[in-house]
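As stored in my_file.txt (compact mmCIF, C-alpha atoms):
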# COMPACT_ATOMS: atom_id res chain seq x y z
CA MET Z 1 21.72 39.76 13.82
CA PHE Z 2 22.15 37.92 10.53
CA PHE Z 3 18.60 38.80 9.45
CA LEU Z 4 19.50 42.49 9.11
CA ARG Z 5 20.54 43.44 5.57
CA ALA Z 6 23.31 45.79 6.75
CA ILE Z 7 24.85 42.86 8.61
CA HIS Z 8 24.60 39.92 6.23
CA ARG Z 9 25.54 42.03 3.20
CA HIS Z 10 28.69 43.25 4.95
CA PRO Z 11 31.94 41.62 3.67
CA GLU Z 12 32.97 40.80 7.25
CA PHE Z 13 29.88 38.55 7.58
CA ARG Z 14 31.39 36.25 4.94
CA GLN Z 15 34.78 36.41 6.66
CA GLY Z 16 33.13 35.36 9.91
CA MET Z 17 31.47 32.38 8.22
CA ARG Z 18 34.77 31.41 6.59
CA ALA Z 19 36.53 31.44 9.98
CA THR Z 20 33.82 29.21 11.45
CA ALA Z 21 33.74 26.73 8.55
CA PRO Z 22 36.64 24.51 9.76
CA VAL Z 23 34.98 23.93 13.13
CA ALA Z 24 31.41 23.53 11.81
CA PRO Z 25 31.70 19.75 11.14
CA GLY Z 26 32.80 19.14 14.73
CA LEU Z 27 29.93 21.25 16.04
CA ALA Z 28 27.53 19.39 13.77
CA ALA Z 29 28.74 16.01 15.05
CA TRP Z 30 28.34 17.20 18.63
CA GLY Z 31 24.88 18.63 17.87
CA LEU Z 32 23.88 15.38 16.21
CA MET Z 33 24.79 13.38 19.29
CA THR Z 34 23.06 15.87 21.60
CA GLY Z 35 19.89 15.48 19.53
CA VAL Z 36 20.16 11.71 19.75
CA ALA Z 37 20.88 11.84 23.49
CA MET Z 38 17.81 13.99 24.26
CA VAL Z 39 15.39 11.59 22.55
CA LYS Z 40 17.15 8.45 23.82
CA SER Z 41 16.80 9.71 27.38
CA GLY Z 42 13.03 9.73 27.04
CA MET Z 43 12.24 13.33 26.10
CA SER Z 44 9.47 13.78 23.53
CA VAL Z 45 10.25 15.13 20.06
CA VAL Z 46 8.52 18.43 20.91
CA GLU Z 47 10.60 18.80 24.08
CA ALA Z 48 13.83 17.92 22.29
CA VAL Z 49 13.14 20.41 19.47
CA ALA Z 50 12.24 23.15 21.97
CA MET Z 51 15.42 22.50 23.91
CA THR Z 52 17.57 22.59 20.77
CA LEU Z 53 16.16 25.89 19.50
CA PHE Z 54 15.63 27.81 22.74
CA VAL Z 55 18.24 26.56 25.20
CA TYR Z 56 20.95 26.40 22.50
CA ALA Z 57 23.84 25.50 24.84
CA GLY Z 58 25.25 22.01 24.34
CA SER Z 59 26.92 21.45 27.68
CA SER Z 60 24.05 22.79 29.79
CA GLN Z 61 21.57 20.78 27.68
CA LEU Z 62 23.58 17.61 28.24
CA ALA Z 63 23.87 18.35 31.96
CA ALA Z 64 20.12 19.00 32.27
CA ILE Z 65 18.92 15.84 30.50
CA PRO Z 66 19.54 13.34 33.34
CA LEU Z 67 18.11 15.79 35.89
CA ILE Z 68 14.92 16.27 33.86
CA VAL Z 69 14.53 12.53 33.43
CA ALA Z 70 15.09 12.03 37.18
CA GLY Z 71 12.45 14.68 37.98
CA ALA Z 72 14.85 16.98 39.85
CA PRO Z 73 13.38 20.28 41.17
CA PHE Z 74 13.34 23.02 38.53
CA TRP Z 75 15.65 25.29 40.53
CA VAL Z 76 18.31 22.58 40.73
CA ILE Z 77 18.18 22.13 36.95
CA TRP Z 78 18.34 25.89 36.34
CA THR Z 79 21.16 26.37 38.83
CA THR Z 80 23.10 23.52 37.24
CA GLY Z 81 22.57 25.08 33.81
CA PHE Z 82 23.80 28.44 35.05
CA CYS Z 83 26.92 26.97 36.67
CA VAL Z 84 27.81 25.08 33.51
CA ASN Z 85 27.26 28.36 31.64
CA LEU Z 86 29.35 30.52 33.99
CA ARG Z 87 32.10 30.78 31.41
CA PHE Z 88 29.64 32.80 29.30
CA VAL Z 89 29.36 35.33 32.14
CA VAL Z 90 33.11 35.77 31.82
CA PHE Z 91 32.78 36.12 28.06
CA SER Z 92 29.96 38.69 28.43
CA LEU Z 93 32.21 40.87 30.58
CA HIS Z 94 34.62 40.96 27.66
CA LEU Z 95 31.98 41.34 24.93
CA ARG Z 96 30.35 44.25 26.75
CA ASP Z 97 32.79 46.76 25.27
CA TYR Z 98 31.95 45.53 21.77
CA LEU Z 99 28.16 45.57 22.12
CA MET Z 100 27.11 48.42 24.45
CA HIS Z 101 26.50 50.87 21.60
CA LEU Z 102 23.59 48.69 20.39
CA PRO Z 103 19.97 48.86 21.61
CA ARG Z 104 19.22 46.29 24.30
CA TRP Z 105 17.25 43.83 22.13
CA ARG Z 106 20.12 43.63 19.65
CA ARG Z 107 22.59 43.08 22.47
CA LEU Z 108 20.46 40.25 23.82
CA VAL Z 109 20.08 38.56 20.42
CA ASN Z 110 23.81 38.87 19.73
CA GLY Z 111 24.62 37.58 23.22
CA PHE Z 112 22.21 34.64 23.08
CA LEU Z 113 23.71 33.46 19.78
CA THR Z 114 27.39 33.86 20.77
CA ALA Z 115 28.67 30.55 22.14
CA ASP Z 116 32.23 29.38 22.93
CA LEU Z 117 33.63 29.13 19.42
CA SER Z 118 32.14 32.38 18.14
CA TYR Z 119 33.50 34.18 21.20
CA ALA Z 120 36.98 32.73 20.70
CA LEU Z 121 37.09 33.46 16.96
CA PHE Z 122 35.63 36.94 17.36
CA THR Z 123 37.95 38.13 20.12
CA GLY Z 124 40.89 36.54 18.29
CA ARG Z 125 40.08 38.50 15.13
CA TYR Z 126 39.26 41.73 17.00
CA PRO Z 127 41.34 42.04 20.19
CA GLU Z 128 40.10 45.63 20.68
CA PRO Z 129 36.56 47.09 20.32
CA ALA Z 130 36.09 49.45 17.35
CA GLN Z 131 35.98 53.19 18.07
CA ASP Z 132 33.85 54.37 15.13
CA ALA Z 133 30.47 53.40 13.63
CA GLU Z 134 31.99 51.76 10.55
CA GLY Z 135 34.33 49.59 12.61
CA ARG Z 136 31.53 48.61 14.98
CA LEU Z 137 29.32 47.49 12.10
CA ALA Z 138 32.20 45.45 10.65
CA GLN Z 139 32.78 43.78 14.03
CA GLU Z 140 29.09 42.99 14.49
CA ALA Z 141 28.96 41.56 10.96
CA TYR Z 142 31.98 39.34 11.63
CA LEU Z 143 30.43 38.10 14.89
CA ALA Z 144 27.11 37.47 13.11
CA GLY Z 145 28.94 35.47 10.42
CA ASN Z 146 30.59 33.39 13.15
CA TYR Z 147 27.41 32.58 14.98
CA PHE Z 148 25.16 32.23 11.95
CA LEU Z 149 27.16 29.27 10.67
CA THR Z 150 27.48 27.86 14.20
CA TRP Z 151 23.72 28.21 14.68
CA ALA Z 152 22.92 26.54 11.37
CA ALA Z 153 25.39 23.67 11.88
CA TRP Z 154 24.36 23.01 15.48
CA ASN Z 155 20.59 23.25 15.02
CA GLY Z 156 20.53 21.47 11.66
CA ALA Z 157 22.54 18.54 13.01
CA SER Z 158 20.74 18.50 16.35
CA LEU Z 159 17.30 18.39 14.71
CA ALA Z 160 18.58 15.65 12.38
CA GLY Z 161 19.77 13.79 15.49
CA VAL Z 162 16.30 14.09 17.05
CA ALA Z 163 14.76 12.72 13.84
CA LEU Z 164 17.32 9.92 13.40
CA ALA Z 165 17.67 9.04 17.09
CA ASN Z 166 16.58 5.47 16.64
CA TRP Z 167 19.08 4.73 13.87
CA ILE Z 168 22.32 6.21 15.23
CA PRO Z 169 23.96 4.05 17.89
CA SER Z 170 25.49 6.01 20.78
CA ALA Z 171 28.33 3.44 20.63
CA TRP Z 172 29.76 5.19 17.56
CA GLY Z 173 31.01 7.89 19.90
CA LEU Z 174 30.45 10.77 17.44
CA GLY Z 175 30.04 13.11 20.42
CA PHE Z 176 33.81 13.00 20.83
CA ALA Z 177 34.12 15.20 17.76
CA GLY Z 178 32.67 18.04 19.84
CA VAL Z 179 35.25 17.45 22.56
CA LEU Z 180 38.02 17.52 19.93
CA CYS Z 181 36.64 20.81 18.66
CA LEU Z 182 36.98 22.28 22.14
CA VAL Z 183 40.52 20.82 22.43
CA GLY Z 184 41.50 22.74 19.30
CA VAL Z 185 40.00 25.99 20.57
CA LEU Z 186 41.64 25.46 23.95
CA CYS Z 187 45.04 25.09 22.27
CA SER Z 188 44.45 28.27 20.26
CA LEU Z 189 43.70 30.23 23.46
CA ALA Z 190 46.74 28.86 25.31
CA ASN Z 191 49.08 31.29 23.53
CA THR Z 192 51.26 32.57 26.41
CA ARG Z 193 53.18 30.69 29.08
CA LEU Z 194 50.88 31.82 31.91
CA ARG Z 195 47.81 30.90 29.87
CA VAL Z 196 49.18 27.40 29.28
CA LEU Z 197 49.71 27.18 33.02
CA ALA Z 198 46.15 28.43 33.65
CA ALA Z 199 44.84 25.65 31.39
CA VAL Z 200 46.92 22.97 33.16
CA ILE Z 201 45.86 24.15 36.63
CA ALA Z 202 42.20 24.48 35.66
CA GLY Z 203 42.10 21.07 34.00
CA THR Z 204 43.69 19.41 37.01
CA ALA Z 205 41.39 21.22 39.45
CA ALA Z 206 38.29 20.31 37.43
CA VAL Z 207 39.25 16.64 37.58
CA ALA Z 208 40.19 16.78 41.27
CA ALA Z 209 36.94 18.55 42.23
CA TYR Z 210 34.75 16.46 39.91
CA ALA Z 211 32.70 15.08 42.80
CA LEU Z 212 31.25 18.53 43.61
CA PRO Z 213 27.54 18.87 42.79
CA LEU Z 214 26.06 21.13 40.08
CA LYS Z 215 29.21 20.96 37.95
CA LEU Z 216 30.77 23.40 40.45
CA ASN Z 217 34.13 21.76 39.68
CA ILE Z 218 34.35 24.00 36.59
CA VAL Z 219 33.79 27.13 38.70
CA VAL Z 220 36.42 25.96 41.21
CA ALA Z 221 38.82 25.25 38.33
CA ILE Z 222 38.44 28.77 36.93
CA ALA Z 223 38.88 30.40 40.34
CA VAL Z 224 41.95 28.34 41.28
CA ALA Z 225 43.65 28.89 37.92
CA VAL Z 226 42.99 32.65 37.84
CA LEU Z 227 44.16 33.17 41.43
CA ALA Z 228 47.28 31.09 40.82
CA CYS Z 229 48.14 33.15 37.74
CA PHE Z 230 47.55 36.42 39.64
CA TRP Z 231 49.99 35.22 42.26
CA LEU Z 232 52.58 34.20 39.65
CA GLU Z 233 52.12 37.50 37.79
CA GLY Z 234 52.90 39.35 41.01
CA ARG Z 235 56.13 37.41 41.41
CA ARG Z 236 57.44 38.42 38.01
CA SER Z 237 59.31 41.72 37.79
CA ALA Z 238 57.26 43.14 34.92
CA PRO Z 239 53.60 42.06 34.83
CA PRO Z 240 52.45 41.25 31.28
CA ARG Z 241 50.68 44.11 29.55
CA GLU Z 242 49.56 41.95 26.69
CA LYS Z 243 46.21 42.46 25.06
CA LEU Z 244 43.17 40.47 26.09
CA ALA Z 245 42.46 37.27 24.11
CA MET J 246 7.57 8.72 29.06
CA ASN J 247 8.85 8.48 25.49
CA GLY J 248 6.74 10.57 23.12
CA ALA J 249 4.70 12.33 25.82
CA THR J 250 5.16 16.08 26.12
CA ASP J 251 4.43 17.49 29.54
CA ALA J 252 4.01 21.06 30.71
CA TRP J 253 6.53 20.71 33.54
CA THR J 254 9.35 19.75 31.16
CA LEU J 255 8.48 22.63 28.82
CA PHE J 256 8.53 24.98 31.85
CA VAL J 257 12.01 23.71 32.79
CA ILE J 258 13.17 24.15 29.17
CA ALA J 259 11.82 27.73 29.07
CA GLY J 260 13.74 28.47 32.27
CA LEU J 261 16.92 26.98 30.79
CA ALA J 262 16.49 29.23 27.74
CA GLY J 263 16.32 32.18 30.14
CA VAL J 264 19.46 30.90 31.86
CA THR J 265 21.29 30.87 28.51
CA VAL J 266 20.31 34.50 27.83
CA LEU J 267 21.18 35.55 31.39
CA ALA J 268 24.64 33.93 31.29
CA ARG J 269 25.59 34.98 27.76
CA CYS J 270 24.40 38.59 28.22
CA PHE J 271 25.17 38.94 31.94
CA PHE J 272 27.23 42.13 31.80
CA PHE J 273 25.38 43.90 29.00
CA ILE J 274 21.74 43.45 29.98
CA LEU J 275 21.67 46.78 31.83
CA ASP J 276 22.09 50.10 30.01
CA ARG J 277 23.74 51.76 33.00
CA PRO J 278 27.40 52.47 32.26
CA TRP J 279 29.85 50.93 34.71
CA THR J 280 33.53 50.13 34.68
CA LEU J 281 35.31 46.98 35.67
CA PRO J 282 37.56 46.69 38.69
CA ALA J 283 41.18 46.12 37.67
CA TRP J 284 41.28 42.56 39.00
CA ALA J 285 38.36 41.61 36.76
CA HIS J 286 40.24 42.91 33.73
CA ARG J 287 43.21 40.78 34.72
CA ALA J 288 40.97 37.77 35.35
CA LEU J 289 39.65 38.04 31.78
CA TYR J 290 43.11 37.27 30.55
CA TYR J 291 43.10 33.79 32.10
CA ALA J 292 39.47 32.87 32.80
CA PRO J 293 38.36 31.78 29.29
CA VAL J 294 41.25 29.36 28.77
CA ALA J 295 40.73 28.08 32.33
CA ALA J 296 37.00 27.55 31.75
CA LEU J 297 37.56 25.59 28.55
CA ALA J 298 40.26 23.45 30.16
CA GLY J 299 37.91 22.82 33.08
CA VAL J 300 35.18 21.62 30.73
CA VAL J 301 37.40 19.64 28.34
CA LEU J 302 39.84 17.72 30.54
CA PRO J 303 37.20 15.79 32.54
CA GLU J 304 35.56 14.86 29.19
CA VAL J 305 38.84 13.25 28.13
CA VAL J 306 40.27 11.62 31.26
CA MET J 307 37.17 10.69 33.31
CA ALA J 308 34.54 8.00 32.98
CA ASP J 309 31.53 7.54 35.29
CA GLY J 310 32.83 10.21 37.66
CA ALA J 311 36.31 8.71 38.18
CA LEU J 312 39.72 9.12 36.58
CA VAL J 313 40.28 6.42 33.95
CA THR J 314 42.77 3.85 35.20
CA THR J 315 43.53 2.15 31.90
CA TRP J 316 45.41 3.21 28.78
CA HIS J 317 42.78 1.36 26.79
CA ASP J 318 40.71 4.49 26.32
CA ALA J 319 40.49 5.90 22.81
CA ARG J 320 39.74 9.43 24.07
CA LEU J 321 43.21 9.81 25.62
CA PHE J 322 44.96 9.12 22.32
CA GLY J 323 42.44 11.03 20.19
CA ALA J 324 42.74 14.19 22.31
CA ALA J 325 46.55 13.98 22.62
CA VAL J 326 47.03 13.56 18.87
CA GLY J 327 44.49 16.34 18.25
CA ALA J 328 46.36 18.75 20.53
CA VAL J 329 49.74 17.94 18.94
CA LEU J 330 48.21 18.48 15.49
CA TYR J 331 46.89 21.88 16.54
CA PHE J 332 50.35 23.11 17.50
CA TRP J 333 51.80 21.65 14.30
CA ARG J 334 49.21 22.89 11.79
CA ARG J 335 47.50 25.72 13.76
CA SER J 336 44.11 24.48 12.60
CA VAL J 337 41.11 23.27 14.60
CA MET J 338 40.04 21.20 11.58
CA ALA J 339 43.40 19.35 11.69
CA THR J 340 42.78 18.66 15.37
CA LEU J 341 39.33 17.32 14.59
CA LEU J 342 40.31 15.11 11.65
CA ALA J 343 43.47 13.66 13.19
CA GLY J 344 41.77 13.16 16.56
CA MET J 345 38.83 11.28 15.00
CA ALA J 346 41.22 9.30 12.75
CA VAL J 347 42.91 8.02 15.91
CA TYR J 348 39.77 7.76 18.04
CA LEU J 349 37.38 5.89 15.75
CA PRO J 350 39.60 2.86 14.89
CA LEU J 351 40.57 2.43 18.56
CA HIS J 352 36.98 2.93 19.75
CA LEU J 353 35.10 0.91 17.12
CA GLY J 354 37.85 -1.54 16.17
CA LEU J 355 39.36 -2.38 19.54
CA GLY J 356 36.45 -1.31 21.74
CA TRP J 357 38.59 1.11 23.79

Structure re-expressed in structure tokens:
Amino acid sequence: MFFLRAIHRHPEFRQGMRATAPVAPGLAAWGLMTGVAMVKSGMSVVEAVAMTLFVYAGSSQLAAIPLIVAGAPFWVIWTTGFCVNLRFVVFSLHLRDYLMHLPRWRRLVNGFLTADLSYALFTGRYPEPAQDAEGRLAQEAYLAGNYFLTWAAWNGASLAGVALANWIPSAWGLGFAGVLCLVGVLCSLANTRLRVLAAVIAGTAAVAAYALPLKLNIVVAIAVAVLACFWLEGRRSAPPREKLA
Amino acid sequence: MNGATDAWTLFVIAGLAGVTVLARCFFFILDRPWTLPAWAHRALYYAPVAALAGVVLPEVVMADGALVTTWHDARLFGAAVGAVLYFWRRSVMATLLAGMAVYLPLHLGLGW
């Protein structure tokens, strides 16, 4: 909610932007290549701009492009998008405790704008939801700072990519910057032994199950890794009581 | 097709926008208070790192739906150096810069 004065004037808003700044160039490079990819695949400029601003989810956009071009049924495209986005469902379960005090429209705006990196930075900075009004405002301001810079970097670069599509060769491979960004965030989340193991199992499972339709390999990877870690937790004498994220 | 905007594609895009809102807000759309089962709380501890690994690893080690069978792939070296740099410098920016510094010469120079 960066357009609310109480939020963008809050000192935590600036802190949130500062935390996002190191990853913004990677996001911008990824956004740029997504913009280029949409137009190069045959979408019109109006369609590409609408997708950038309203869908606002890089991986589901990239997954949807070939299906749209192939004329797949709308429900297949939407289902694919939802499966690719399932990790956000997991994030929303976690963010619920931080946002439920807000009116619904503010929850939905905050939720829509909170993508992978903002979620990771926010829950890293605030492992526990605030208990008083002042703390809640500070947390919302920090989150808004995170996603405001993400939003600006992604959309600015993506719209530039749409405009410049004919001059940027895909062969440059700038999209890899986005992958590297996610590699960094992945490493930052893998901060306990069982979490490292969860990442290894999930990565292996996602590769092994890659042939599944609708990007279901990612869902399988999450399920296998979580169940394996539950099982290993149960085998240890004292289950970890560490804080979330 | 290039340049032509059609209503069907805009309809699909509108639906995808709805999908983004639904996924990102899934558990806080309803006002009704409800608590999580214990297993879901435990799953939260592992699921995010698992989801990211599930998205990222295929982007690094697969091409055209199959595991890469050659070492002549710039992504392997870029991602490995990027990960090592993260654990050394604890900075995503270090990962990004070092990874691209390894990736671009291999990719553009050697065509890997």

Q) When distances are computed from only C-alpha atoms, which of Z:Val49, Z:Leu194, Z:Leu67, Z:Ala177 shows the smallest separation from Z:Gly81? A) Z:Leu67

Q: Please provide as a count of residues only all residues within 8 Å of Z:Gly58, with the sequence filter that same-chain residues fewer than 3 positions apart are discarded (counting all atoms listed in the file).
A: 4

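Shortest separation to chain J among Z:Arg125, Z:Arg195, Z:Arg136, Z:Arg106 occurs at residue Z:Arg195, atoms counted being only C-alpha atoms.
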
Q: For J:Leu297, work out the shell of residues within 8 Å, counting all atoms listed in the file and skipping chain neighbours fewer than 4 positions away, then give it as a PyMOL selection string.
A: (chain Z and resi 182+186+199) or (chain J and resi 293+301)

Generate a file of the selected residues that holds C-alpha atoms, formatted as a compact mmCIF listing (two decimals), keeping the file's coordinate frame.
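Saved the output as part_8.txt:
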# COMPACT_ATOMS: atom_id res chain seq x y z
CA LEU Z 182 36.98 22.28 22.14
CA LEU Z 186 41.64 25.46 23.95
CA ALA Z 199 44.84 25.65 31.39
CA PRO J 293 38.36 31.78 29.29
CA VAL J 301 37.40 19.64 28.34

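Atom CA of Z:Leu95 is positioned 13.5 Å from atom CA of J:Leu275.
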
Q.
Please list as a list of chain:residue names every residue within 8 Å of Z:Gly35, counting only C-alpha atoms and excluding residues in the same chain fewer than 2 positions away.
A. Z:Gly31, Z:Leu32, Z:Met33, Z:Ala37, Z:Met38, Z:Val39, Z:Ala48, Z:Thr52, Z:Ala157, Z:Ser158, Z:Leu159, Z:Ala160, Z:Gly161, Z:Val162, Z:Ala165

(Q) Please find the residues of chain J near chain Z - the criterion being any atom within 6 Å, counting all atoms listed in the file - and write them as an MDAnalysis selection string. (A) chainID J and resid 246:250 257:258 261:262 264 266 268:273 290:292 294:296 298:299 302:303 337:338 340:341

Q.
List the spatial neighbours of stretch 319-329 of chain J as a PyMOL selection string - criterion: any atom at most 6 Å away, only C-alpha atoms, same-chain residues fewer than 4 positions off excluded.
A. chain J and resi 305+340+343-344+347-348+351-352+357

Q) What is the atom CA of Z:Arg9-atom CA of Z:Gly145 distance in Å, reported with one decimal? A) 10.3 Å

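Note that atom CA of Z:Tyr147 and atom CA of Z:Val76 are 29.1 Å apart.
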
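The shortest atom-to-atom distance to Z:Phe122, with only C-alpha atoms taken into account, belongs to Z:Met17 out of Z:Leu212, Z:Ala228, Z:Leu164, Z:Met17.
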
Q.
Can you tell me which residues surround stretch 137-140 of chain Z at a distance of at most 8 Å, considering all atoms listed in the file, apart from same-chain residues fewer than 5 positions away, and format the answer as a list of chain:residue names?
A. Z:Ile7, Z:His10, Z:Pro11, Z:Glu12, Z:Phe13, Z:Tyr98, Z:Tyr126, Z:Ala130

Centre and edge lengths of an axis-aligned box around all listed atoms of stretch 121-138 of chain Z, with 8 Å added on each side, are to be given in Å to one decimal, as AutoDock Vina command-line options.
--center_x 35.3 --center_y 43.9 --center_z 15.6 --size_x 28.0 --size_y 36.9 --size_z 26.1
